[in-house]
Amino acid sequence: MQADVERFLARLLTDRGFRERFLAAPADVARSEGLTPEEAEAVARMPARAIRTAARSYQHKRESSAAAGARNWWANWLGFKRR
Amino acid sequence: MQSDRVGLGWRPELAAGIFDALDRIDVLEVIADNYLDAPRRQRQALRTMARRVPVHLHGIALGLAGAEEVSSKQLDRLARLVNEVEPESWSEHLAFVRAGGIEIGHLAAPPRTEASVAGAAKNLRKARAVVGSLPHMENIATLIEPPCSTLSEPAWIADIVASSGCGLLLDLHNLHANATNFGFDPLDFLSKIPLAQVACIHIAGGEWITAPDGEERYLLDDHLHDVTEPIYDLLTEMAARVSQPLTVVLERDGAYPPMPALLEELDRARAALAAGRRRQQA
């Protein structure tokens, strides 16, 4: 289901521990998160290198946003979400 | 008939230079999210600026292409800003930014499926109902090919345009980065999306980054570097292929060069557009 895969991707990109557990046993972790066998197989095929690179890029963007403070729109957004 | 226009993304760091060079800037694109909670005085200043130069509002946090229904509260705040500023148009991204209570903090590519086409169309209908107009929707860069996709990116974009009636904001650096990282021909991509619906274009620069294991490089869309030749070539290609006027915006988010260098990039974009228009008439 679309929402399940998006939730899985969101966690993969933001939760380092979850990401490393997934990369150690992709299909098993995907199935344990409630994805269908077909979805689990599809996410398990994602290249580990691309996942790690993307996650690092997202992390960098979040940190840059926090460092930039109020001038940065992502910081504003994340700050708003934290309130 | 309106002609092609070339402008710049409004950034507070560039404010003085922008006001000094308004005769060379046809349009300004303003990040809407920066003004949603801004004091009244800042919003009035934005409204005043929009009376002097055409302003486009660019949203980044709605997540309109996600499976989750777009937040009514977020749309209400955007609608208030649009009503106050009266921009020429507004735009958002073909992306999801949250799922299941998790905020990603940036734009992410959803699985390209019939379900996400339907979800985007539903969110866009709601956006139009609340804001009063449809946004132009922008293609995003991604380092991960979205899993579980059943549609190619151009087919997915074409289906969202067909089902929602939205216009497109075509980001040429995002296209170039995806084409480079995933090994497809950007000209083939252009031949498969509804080019007649492209109203605006983004140009920007990026940088090569190396994977954590040092084994592979990816082109990252970071908006921190100068626009490169392949982007101008794609801009010429667009101007040669479409008949409608195009509004081009240079995005720069940091590592700002002196204002004359940015204005030179705008002039290069104008030259690229003119070359494409000449090719079309030949």
# chains A, B, ... in the order shown; residues from 1 in each chain; ligands from 1
>>> select_by_dssp(residues="segment 55-266 of chain B", states="strand (DSSP E)", output="PyMOL selection string")
chain B and resi 55-58+89-93+96-99+102-108+136-138+167-171+198-203+207-210+217-220+247-250
>>> write_last_selection(atoms="C-alpha atoms", output="PDB file, in the first residue's frame")
ATOM      1  CA  VAL B  55       6.289  37.590  -7.527  1.00  0.00           C
ATOM      2  CA  HIS B  56       5.820  33.837  -7.528  1.00  0.00           C
ATOM      3  CA  LEU B  57       5.305  32.079  -4.186  1.00  0.00           C
ATOM      4  CA  HIS B  58       7.113  28.739  -3.896  1.00  0.00           C
ATOM      5  CA  SER B  89       1.310  32.252  -9.298  1.00  0.00           C
ATOM      6  CA  TRP B  90       2.332  29.717  -6.675  1.00  0.00           C
ATOM      7  CA  SER B  91       4.121  26.415  -6.900  1.00  0.00           C
ATOM      8  CA  GLU B  92       4.929  23.261  -4.946  1.00  0.00           C
ATOM      9  CA  HIS B  93       6.757  19.975  -5.471  1.00  0.00           C
ATOM     10  CA  PHE B  96       6.125  13.757  -0.099  1.00  0.00           C
ATOM     11  CA  VAL B  97       7.696  15.249   3.011  1.00  0.00           C
ATOM     12  CA  ARG B  98       6.059  13.275   5.824  1.00  0.00           C
ATOM     13  CA  ALA B  99       4.483   9.886   6.349  1.00  0.00           C
ATOM     14  CA  ILE B 102       7.573  11.082  10.496  1.00  0.00           C
ATOM     15  CA  GLU B 103       8.826  14.451   9.200  1.00  0.00           C
ATOM     16  CA  ILE B 104      11.558  13.848   6.640  1.00  0.00           C
ATOM     17  CA  GLY B 105      12.695  17.479   6.655  1.00  0.00           C
ATOM     18  CA  HIS B 106      13.088  17.626   2.915  1.00  0.00           C
ATOM     19  CA  LEU B 107      11.541  16.548  -0.347  1.00  0.00           C
ATOM     20  CA  ALA B 108      11.332  12.815  -1.064  1.00  0.00           C
ATOM     21  CA  HIS B 136       2.623  24.733 -10.735  1.00  0.00           C
ATOM     22  CA  MET B 137       4.160  21.413  -9.708  1.00  0.00           C
ATOM     23  CA  GLU B 138       7.912  20.864  -9.752  1.00  0.00           C
ATOM     24  CA  GLY B 167       0.806  23.381 -14.731  1.00  0.00           C
ATOM     25  CA  LEU B 168       4.430  22.381 -14.425  1.00  0.00           C
ATOM     26  CA  LEU B 169       7.474  24.041 -12.958  1.00  0.00           C
ATOM     27  CA  LEU B 170      10.269  22.170 -14.703  1.00  0.00           C
ATOM     28  CA  ASP B 171      13.497  22.139 -12.687  1.00  0.00           C
ATOM     29  CA  VAL B 198       5.331  23.986 -18.520  1.00  0.00           C
ATOM     30  CA  ALA B 199       4.916  27.567 -17.345  1.00  0.00           C
ATOM     31  CA  CYS B 200       8.046  28.037 -15.255  1.00  0.00           C
ATOM     32  CA  ILE B 201      11.568  26.689 -15.198  1.00  0.00           C
ATOM     33  CA  HIS B 202      14.161  26.466 -12.452  1.00  0.00           C
ATOM     34  CA  ILE B 203      17.869  26.576 -13.155  1.00  0.00           C
ATOM     35  CA  GLU B 207      27.988  19.308  -6.905  1.00  0.00           C
ATOM     36  CA  TRP B 208      29.373  15.809  -7.139  1.00  0.00           C
ATOM     37  CA  ILE B 209      29.326  13.922  -3.851  1.00  0.00           C
ATOM     38  CA  THR B 210      30.896  10.584  -3.018  1.00  0.00           C
ATOM     39  CA  ARG B 217      29.687   9.478  -7.044  1.00  0.00           C
ATOM     40  CA  TYR B 218      26.322  11.175  -7.346  1.00  0.00           C
ATOM     41  CA  LEU B 219      25.338  14.571  -8.676  1.00  0.00           C
ATOM     42  CA  LEU B 220      23.586  16.435  -5.858  1.00  0.00           C
ATOM     43  CA  THR B 247       9.461  32.202 -16.835  1.00  0.00           C
ATOM     44  CA  VAL B 248      12.917  31.101 -15.713  1.00  0.00           C
ATOM     45  CA  VAL B 249      14.081  31.444 -12.103  1.00  0.00           C
ATOM     46  CA  LEU B 250      17.662  31.011 -10.907  1.00  0.00           C
TER      47      LEU B 250
END
>>> interface_residues(of="chain B", to="chain A", cutoff="10 Å", atoms="only C-alpha atoms", output="MDAnalysis selection string")
chainID B and resid 11:13 31:37 59:61 66:68 96:116 119 142:149 209:218 220 222 253
>>> residues_around(residues="Glu251 of chain B", least_positions_apart="2", cutoff="12 Å", atoms="only C-alpha atoms", output="ChimeraX atom specification")
/B:6-11,14,28-31,58,171-174,201-206,221-227,248-249,253-256,262,265-266
>>> closest_residue(among="B:Ile25, B:Val85, B:Lys73, B:Ala196", to="Thr48 of chain B", atoms="only C-alpha atoms")
B:Val85
>>> atom_distance(atom1="atom CA of Arg279 of chain B", atom2="atom CA of Glu153 of chain B")
27.6 Å
>>> closest_residue(among="B:Pro230, B:Pro135, B:Gly165, B:Gly276", to="Ala79 of chain B", atoms="only C-alpha atoms")
B:Pro135
>>> residues_around(residues="Pro54 of chain B", least_positions_apart="5", cutoff="8 Å", atoms="only C-alpha atoms", output="list in words")
Asp26, Val27, Leu28, Pro87 and Glu88 of chain B
>>> select_by_dssp(residues="segment 33-165 of chain B", states="alpha helix (DSSP H)", output="PyMOL selection string")
chain B and resi 40-52+72-85+114-131+153-164
>>> write_last_selection(atoms="C-alpha atoms", output="short mmCIF file (atom, residue, chain, number, x, y, z; two decimals), in the first residue's frame")
data_model
loop_
_atom_site.label_atom_id
_atom_site.label_comp_id
_atom_site.auth_asym_id
_atom_site.auth_seq_id
_atom_site.Cartn_x
_atom_site.Cartn_y
_atom_site.Cartn_z
CA ARG B 40 2.59 41.59 9.63
CA ARG B 41 5.23 44.16 8.68
CA GLN B 42 7.25 41.58 6.73
CA ARG B 43 4.17 40.34 4.92
CA GLN B 44 3.25 43.89 4.01
CA ALA B 45 6.78 44.39 2.68
CA LEU B 46 6.34 41.32 0.53
CA ARG B 47 3.04 42.65 -0.75
CA THR B 48 4.70 45.97 -1.59
CA MET B 49 7.49 44.15 -3.42
CA ALA B 50 4.90 42.19 -5.40
CA ARG B 51 3.52 45.53 -6.64
CA ARG B 52 6.92 46.47 -8.02
CA SER B 72 -6.07 21.91 5.89
CA LYS B 73 -4.28 24.08 8.44
CA GLN B 74 -1.20 24.41 6.21
CA LEU B 75 -3.37 25.21 3.19
CA ASP B 76 -5.31 27.81 5.16
CA ARG B 77 -2.08 29.59 6.13
CA LEU B 78 -0.86 29.51 2.53
CA ALA B 79 -4.22 30.79 1.28
CA ARG B 80 -4.00 33.73 3.69
CA LEU B 81 -0.54 34.60 2.36
CA VAL B 82 -1.66 34.28 -1.25
CA ASN B 83 -4.62 36.55 -0.56
CA GLU B 84 -2.40 39.13 1.07
CA VAL B 85 0.45 39.12 -1.45
CA GLU B 114 -1.54 5.04 -9.96
CA ALA B 115 -2.23 5.43 -6.24
CA SER B 116 0.17 8.37 -5.92
CA VAL B 117 -1.29 9.93 -9.08
CA ALA B 118 -4.74 9.71 -7.47
CA GLY B 119 -3.39 11.02 -4.15
CA ALA B 120 -1.70 13.97 -5.82
CA ALA B 121 -4.83 14.78 -7.81
CA LYS B 122 -6.93 14.68 -4.64
CA ASN B 123 -4.50 16.93 -2.77
CA LEU B 124 -4.33 19.35 -5.70
CA ARG B 125 -8.15 19.58 -5.82
CA LYS B 126 -8.13 20.42 -2.13
CA ALA B 127 -5.32 22.96 -2.63
CA ARG B 128 -7.25 24.68 -5.40
CA ALA B 129 -10.41 24.76 -3.29
CA VAL B 130 -8.63 26.35 -0.33
CA VAL B 131 -6.04 28.57 -2.00
CA GLU B 153 8.84 9.51 -13.93
CA PRO B 154 7.65 11.21 -17.15
CA ALA B 155 4.54 9.02 -17.32
CA TRP B 156 3.82 9.73 -13.64
CA ILE B 157 4.16 13.47 -14.19
CA ALA B 158 2.00 13.34 -17.31
CA ASP B 159 -0.72 11.42 -15.45
CA ILE B 160 -0.75 13.92 -12.56
CA VAL B 161 -1.02 16.82 -14.99
CA ALA B 162 -3.82 15.07 -16.89
CA SER B 163 -5.79 14.18 -13.76
CA SER B 164 -5.39 17.51 -11.97
#
>>> residues_around(residues="Leu187 of chain B", least_positions_apart="6", cutoff="10 Å", atoms="only C-alpha atoms", output="list of chain:residue names")
B:Leu175, B:His176, B:Ala179, B:Leu234, B:Glu237, B:Met238
>>> atom_distance(atom1="atom CA of Pro260 of chain B", atom2="atom CA of Gln244 of chain B")
29.0 Å
